[in-house]
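Asker: Before I ask anything, let me first share the structure, which is written out below as structure tokens.
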Amino acid sequence: MLEIKPTPLKDCFILKPSVFKDERGVFSETFNKKVFREASGVDVDFVQDNQSKSSYGVLRGLHFQLGEMAQAKLVRVISGRVLDIVVDLRKNSETFGQNFSIELDDQNHLQLFVPRGFAHGFVTLSEKSTFSYKCDNYYHKQSEGGIIYNDPTLSLDWRIPHDKLIISEKDLELPTFEDFIL
């Protein structure tokens, strides 16, 4: 059984799979296209799976792809714990410019469906994390974009002291939300 719950952001959903435990270990169905479509009204075909490993304080984001290469994502944590943050960048959306955060970990088994037109990022809260995400479109370098993690307009709380964050040079050079929407 896969439970689908809406978030405050339009078209963004939390997925909670049933987890079956016994003496052998754990089993869960992490995605079912039919169940997801019936509960959310979204028909998605995932074509690429990605995975990253990070240590405490590693912040990845806020990333997205533009135009016809935009990606919807289904994200989850295989091991560890992360704070996942999304921002609605769709100018015609009633939740444009709003953000949502959720803690994902290997104990709560929660997943987040991030629709096309959203910026996405996460920071590792545990000593280490393994993060997995399905995408409905292929990575295309020329279509990638991002927004700086500490954008003053968005006022995101990453829950980690600034001096403990580990951020790539590329992510430190991302534009602000206001620069992106102009």
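Following the order of the structure tokens, first chain is A, next is B, and so on, with residues numbered from 1 inside each chain and ligands from 1 in the order they appear.
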Residues of region 134-175 of chain A that approach region 68-83 of chain A to 6 Å or less, counting only C-alpha atoms: could you list each one with the shortest pair of atoms and its distance in Å to one decimal, rows by chain and increasing residue number, as a Markdown table?

Answerer:
| residue | atom | partner | partner_atom | distance |
| --- | --- | --- | --- | --- |
| A:Lys134 | CA | A:Leu74 | CA | 5.1 |
| A:Cys135 | CA | A:Lys73 | CA | 4.6 |
| A:Asp136 | CA | A:Ala72 | CA | 5.5 |
| A:Asn137 | CA | A:Gln71 | CA | 5.2 |

Asker: Would you mind exporting the chosen residues as a compact mmCIF listing (two decimals), in the first residue's frame, restricted to N, CA and C atoms?

Answerer:
# COMPACT_ATOMS: atom_id res chain seq x y z
N LYS A 134 14.39 9.41 -8.86
CA LYS A 134 13.95 9.04 -10.19
C LYS A 134 13.60 10.33 -10.93
N CYS A 135 13.88 10.39 -12.22
CA CYS A 135 13.59 11.57 -13.03
C CYS A 135 12.75 11.15 -14.24
N ASP A 136 11.84 12.03 -14.64
CA ASP A 136 11.01 11.72 -15.81
C ASP A 136 11.57 12.30 -17.10
N ASN A 137 12.77 12.84 -17.05
CA ASN A 137 13.43 13.36 -18.24
C ASN A 137 14.93 13.18 -18.04

Asker: Asp171 (chain A): which residues within 10 Å, counting only C-alpha atoms, same-chain residues fewer than 5 positions away excluded, as a list in words?

Answerer: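 So, after excluding close chain neighbours, the residues are Leu59, Arg60, Gly61, Leu62, His63, Gly145, Gly146, Ile147, Ile148 and Tyr149 of chain A.
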
Asker: Near region 8-11 of chain A, counting only C-alpha atoms, which residues have an atom at most 7 Å away, once you skip same-chain residues fewer than 2 positions from it, shown as an NGL selection string?

Answerer: :A and (6 or 13 or 95 or 115)

Asker: Please produce a file of those selected residues containing C-alpha atoms, as a PDB file, in the first residue's frame.

Answerer:
ATOM      1  CA  PRO A   6      -0.573  16.564  -0.834  1.00  0.00           C
ATOM      2  CA  PHE A  13       3.198  15.112  -2.985  1.00  0.00           C
ATOM      3  CA  THR A  95       2.098  28.574  -5.070  1.00  0.00           C
ATOM      4  CA  PRO A 115       6.951  18.272 -10.188  1.00  0.00           C
TER       5      PRO A 115
END

Asker: Find the residues around Val86 (chain A) up to 7 Å (only C-alpha atoms counted), leave out those fewer than 6 positions away in its own chain, and share them as a PDB file with N, CA and C atoms, in the first residue's frame.

Answerer:
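Contents of part_23.pdb, freshly written:
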ATOM      1  N   ASN A  99       7.935  27.726  -0.771  1.00  0.00           N
ATOM      2  CA  ASN A  99       8.793  26.565  -0.587  1.00  0.00           C
ATOM      3  C   ASN A  99       8.193  25.603   0.427  1.00  0.00           C
ATOM      4  N   PHE A 100       8.710  24.408   0.416  1.00  0.00           N
ATOM      5  CA  PHE A 100       8.281  23.344   1.320  1.00  0.00           C
ATOM      6  C   PHE A 100       9.507  22.538   1.697  1.00  0.00           C
ATOM      7  N   SER A 101       9.594  22.148   2.960  1.00  0.00           N
ATOM      8  CA  SER A 101      10.699  21.293   3.388  1.00  0.00           C
ATOM      9  C   SER A 101      10.151  20.085   4.139  1.00  0.00           C
ATOM     10  N   PHE A 118      10.016  23.005 -10.513  1.00  0.00           N
ATOM     11  CA  PHE A 118      10.422  23.252  -9.130  1.00  0.00           C
ATOM     12  C   PHE A 118      11.937  23.230  -9.027  1.00  0.00           C
ATOM     13  N   ALA A 119      12.484  24.061  -8.146  1.00  0.00           N
ATOM     14  CA  ALA A 119      13.883  23.942  -7.756  1.00  0.00           C
ATOM     15  C   ALA A 119      13.926  22.947  -6.599  1.00  0.00           C
ATOM     16  N   HIS A 120      14.994  22.185  -6.520  1.00  0.00           N
ATOM     17  CA  HIS A 120      15.106  21.136  -5.503  1.00  0.00           C
ATOM     18  C   HIS A 120      16.507  21.132  -4.909  1.00  0.00           C
ATOM     19  N   GLY A 121      16.574  20.914  -3.605  1.00  0.00           N
ATOM     20  CA  GLY A 121      17.859  20.772  -2.940  1.00  0.00           C
ATOM     21  C   GLY A 121      17.710  19.998  -1.644  1.00  0.00           C
TER      22      GLY A 121
END

Asker: Would you work out the distance separating CA of Met1 (chain A) from CA of Gln107 (chain A), expressed in Å to one decimal?

Answerer: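 If I compute the distance from CA of Met1 (chain A) to CA of Gln107 (chain A), I get 17.1 Å.
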
Asker: Could you tell me how far CA of Gln142 (chain A) sits from CA of Phe113 (chain A), in Å to one decimal place?

Answerer: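 It comes out at 23.7 Å.
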
Asker: Closest to Glu3 (chain A) among A:Glu38, A:Glu173, A:Asp43, A:Glu94, using only C-alpha atoms?

Answerer: A:Glu38

Asker: Enumerate the residues of region 19-98 of chain A with a DSSP assignment of strand (DSSP E), computed from the backbone, and present them as a VMD selection string.

Answerer: chain A and resid 19 to 22 25 to 28 48 to 55 58 to 65 73 to 79 81 to 88

Asker: For each of A:Ser132, A:Gln65, A:Asn50, A:Ser143, take the minimum atom-to-atom distance to Asp84 (chain A), counting only C-alpha atoms, then give the residue where this is smallest.

Answerer: A:Ser132

Asker: For the atom pair CA of Glu169 (chain A) and CA of Gln48 (chain A), what is the interatomic distance in Å to one decimal place?

Answerer: 25.4 Å

Asker: Looking at A:Pro175, A:Ile4, A:Leu125, A:Ser54, which one is nearest to Ile160 (chain A), with distances taken over only C-alpha atoms?

Answerer: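 Under the stated criterion, the closest residue is A:Leu125.
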
Asker: Using the chain letters and numbers from this document, which residues of region 33-102 of chain A does DSSP assign to helix (DSSP H, G or I), as a PDB file with all heavy atoms, in the first residue's frame?

Answerer:
ATOM      1  N   LYS A  33       2.987   3.235 -10.327  1.00  0.00           N
ATOM      2  CA  LYS A  33       2.496   4.266 -11.238  1.00  0.00           C
ATOM      3  C   LYS A  33       0.977   4.398 -11.197  1.00  0.00           C
ATOM      4  O   LYS A  33       0.444   5.515 -11.154  1.00  0.00           O
ATOM      5  CB  LYS A  33       2.963   3.963 -12.666  1.00  0.00           C
ATOM      6  CG  LYS A  33       2.509   4.974 -13.681  1.00  0.00           C
ATOM      7  CD  LYS A  33       3.034   4.650 -15.064  1.00  0.00           C
ATOM      8  CE  LYS A  33       2.488   5.653 -16.058  1.00  0.00           C
ATOM      9  NZ  LYS A  33       3.087   5.501 -17.369  1.00  0.00           N
ATOM     10  N   LYS A  34       0.277   3.296 -11.201  1.00  0.00           N
ATOM     11  CA  LYS A  34      -1.190   3.318 -11.204  1.00  0.00           C
ATOM     12  C   LYS A  34      -1.736   3.956  -9.923  1.00  0.00           C
ATOM     13  O   LYS A  34      -2.609   4.823  -9.968  1.00  0.00           O
ATOM     14  CB  LYS A  34      -1.742   1.896 -11.364  1.00  0.00           C
ATOM     15  CG  LYS A  34      -3.246   1.829 -11.397  1.00  0.00           C
ATOM     16  CD  LYS A  34      -3.724   0.393 -11.549  1.00  0.00           C
ATOM     17  CE  LYS A  34      -5.237   0.338 -11.458  1.00  0.00           C
ATOM     18  NZ  LYS A  34      -5.742  -1.013 -11.388  1.00  0.00           N
ATOM     19  N   VAL A  35      -1.228   3.547  -8.784  1.00  0.00           N
ATOM     20  CA  VAL A  35      -1.670   4.106  -7.496  1.00  0.00           C
ATOM     21  C   VAL A  35      -1.363   5.599  -7.439  1.00  0.00           C
ATOM     22  O   VAL A  35      -2.199   6.408  -7.027  1.00  0.00           O
ATOM     23  CB  VAL A  35      -1.011   3.359  -6.314  1.00  0.00           C
ATOM     24  CG1 VAL A  35      -1.276   4.065  -4.992  1.00  0.00           C
ATOM     25  CG2 VAL A  35      -1.484   1.913  -6.260  1.00  0.00           C
ATOM     26  N   PHE A  36      -0.169   5.974  -7.870  1.00  0.00           N
ATOM     27  CA  PHE A  36       0.220   7.384  -7.848  1.00  0.00           C
ATOM     28  C   PHE A  36      -0.687   8.215  -8.756  1.00  0.00           C
ATOM     29  O   PHE A  36      -1.174   9.271  -8.367  1.00  0.00           O
ATOM     30  CB  PHE A  36       1.688   7.551  -8.255  1.00  0.00           C
ATOM     31  CG  PHE A  36       2.162   8.975  -8.194  1.00  0.00           C
ATOM     32  CD1 PHE A  36       2.357   9.605  -6.975  1.00  0.00           C
ATOM     33  CD2 PHE A  36       2.401   9.696  -9.355  1.00  0.00           C
ATOM     34  CE1 PHE A  36       2.774  10.930  -6.919  1.00  0.00           C
ATOM     35  CE2 PHE A  36       2.823  11.010  -9.308  1.00  0.00           C
ATOM     36  CZ  PHE A  36       3.015  11.624  -8.089  1.00  0.00           C
ATOM     37  N   ARG A  37      -0.926   7.747  -9.963  1.00  0.00           N
ATOM     38  CA  ARG A  37      -1.778   8.474 -10.917  1.00  0.00           C
ATOM     39  C   ARG A  37      -3.197   8.641 -10.370  1.00  0.00           C
ATOM     40  O   ARG A  37      -3.776   9.717 -10.443  1.00  0.00           O
ATOM     41  CB  ARG A  37      -1.798   7.755 -12.266  1.00  0.00           C
ATOM     42  CG  ARG A  37      -2.604   8.492 -13.340  1.00  0.00           C
ATOM     43  CD  ARG A  37      -2.621   7.785 -14.681  1.00  0.00           C
ATOM     44  NE  ARG A  37      -3.160   6.450 -14.550  1.00  0.00           N
ATOM     45  CZ  ARG A  37      -2.518   5.330 -14.906  1.00  0.00           C
ATOM     46  NH1 ARG A  37      -1.319   5.384 -15.429  1.00  0.00           N
ATOM     47  NH2 ARG A  37      -3.083   4.166 -14.753  1.00  0.00           N
ATOM     48  N   GLU A  38      -3.749   7.581  -9.807  1.00  0.00           N
ATOM     49  CA  GLU A  38      -5.117   7.649  -9.273  1.00  0.00           C
ATOM     50  C   GLU A  38      -5.219   8.604  -8.083  1.00  0.00           C
ATOM     51  O   GLU A  38      -6.211   9.303  -7.938  1.00  0.00           O
ATOM     52  CB  GLU A  38      -5.600   6.255  -8.890  1.00  0.00           C
ATOM     53  CG  GLU A  38      -5.884   5.387 -10.102  1.00  0.00           C
ATOM     54  CD  GLU A  38      -6.203   3.943  -9.755  1.00  0.00           C
ATOM     55  OE1 GLU A  38      -6.208   3.587  -8.552  1.00  0.00           O
ATOM     56  OE2 GLU A  38      -6.439   3.152 -10.694  1.00  0.00           O
ATOM     57  N   ALA A  39      -4.201   8.649  -7.237  1.00  0.00           N
ATOM     58  CA  ALA A  39      -4.241   9.496  -6.048  1.00  0.00           C
ATOM     59  C   ALA A  39      -3.873  10.951  -6.328  1.00  0.00           C
ATOM     60  O   ALA A  39      -4.383  11.863  -5.679  1.00  0.00           O
ATOM     61  CB  ALA A  39      -3.313   8.938  -4.970  1.00  0.00           C
ATOM     62  N   SER A  40      -2.990  11.168  -7.297  1.00  0.00           N
ATOM     63  CA  SER A  40      -2.465  12.520  -7.526  1.00  0.00           C
ATOM     64  C   SER A  40      -3.010  13.180  -8.793  1.00  0.00           C
ATOM     65  O   SER A  40      -2.939  14.397  -8.924  1.00  0.00           O
ATOM     66  CB  SER A  40      -0.940  12.466  -7.641  1.00  0.00           C
ATOM     67  OG  SER A  40      -0.550  11.803  -8.836  1.00  0.00           O
ATOM     68  N   GLY A  67      12.738  24.413 -19.528  1.00  0.00           N
ATOM     69  CA  GLY A  67      12.137  24.146 -20.832  1.00  0.00           C
ATOM     70  C   GLY A  67      11.711  22.714 -21.024  1.00  0.00           C
ATOM     71  O   GLY A  67      11.249  22.054 -20.098  1.00  0.00           O
ATOM     72  N   GLU A  68      11.900  22.224 -22.240  1.00  0.00           N
ATOM     73  CA  GLU A  68      11.453  20.874 -22.571  1.00  0.00           C
ATOM     74  C   GLU A  68      12.266  19.807 -21.858  1.00  0.00           C
ATOM     75  O   GLU A  68      11.880  18.646 -21.832  1.00  0.00           O
ATOM     76  CB  GLU A  68      11.468  20.641 -24.080  1.00  0.00           C
ATOM     77  CG  GLU A  68      12.836  20.694 -24.706  1.00  0.00           C
ATOM     78  CD  GLU A  68      12.783  20.550 -26.222  1.00  0.00           C
ATOM     79  OE1 GLU A  68      11.941  21.202 -26.853  1.00  0.00           O
ATOM     80  OE2 GLU A  68      13.601  19.766 -26.759  1.00  0.00           O
ATOM     81  N   MET A  69      13.378  20.182 -21.250  1.00  0.00           N
ATOM     82  CA  MET A  69      14.199  19.228 -20.501  1.00  0.00           C
ATOM     83  C   MET A  69      13.907  19.262 -18.996  1.00  0.00           C
ATOM     84  O   MET A  69      14.593  18.612 -18.211  1.00  0.00           O
ATOM     85  CB  MET A  69      15.686  19.487 -20.754  1.00  0.00           C
ATOM     86  CG  MET A  69      16.103  19.282 -22.206  1.00  0.00           C
ATOM     87  SD  MET A  69      15.553  17.720 -22.947  1.00  0.00           S
ATOM     88  CE  MET A  69      16.502  16.530 -22.026  1.00  0.00           C
TER      89      MET A  69
END

Asker: Just checking: using only C-alpha atoms, which residue out of A:Val123, A:Val87, A:Leu165, A:Leu15 ends up closest to Phe31 (chain A)?

Answerer: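 Looking at the shortest contact to Phe31 (chain A), the residue is A:Leu15.
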
Asker: Find, counting only C-alpha atoms, the residue in A:Val47, A:Val26, A:Leu154, A:Ile167 that gets nearest to Ile85 (chain A).

Answerer: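 Ranked by minimum distance to Ile85 (chain A), first place goes to A:Leu154.
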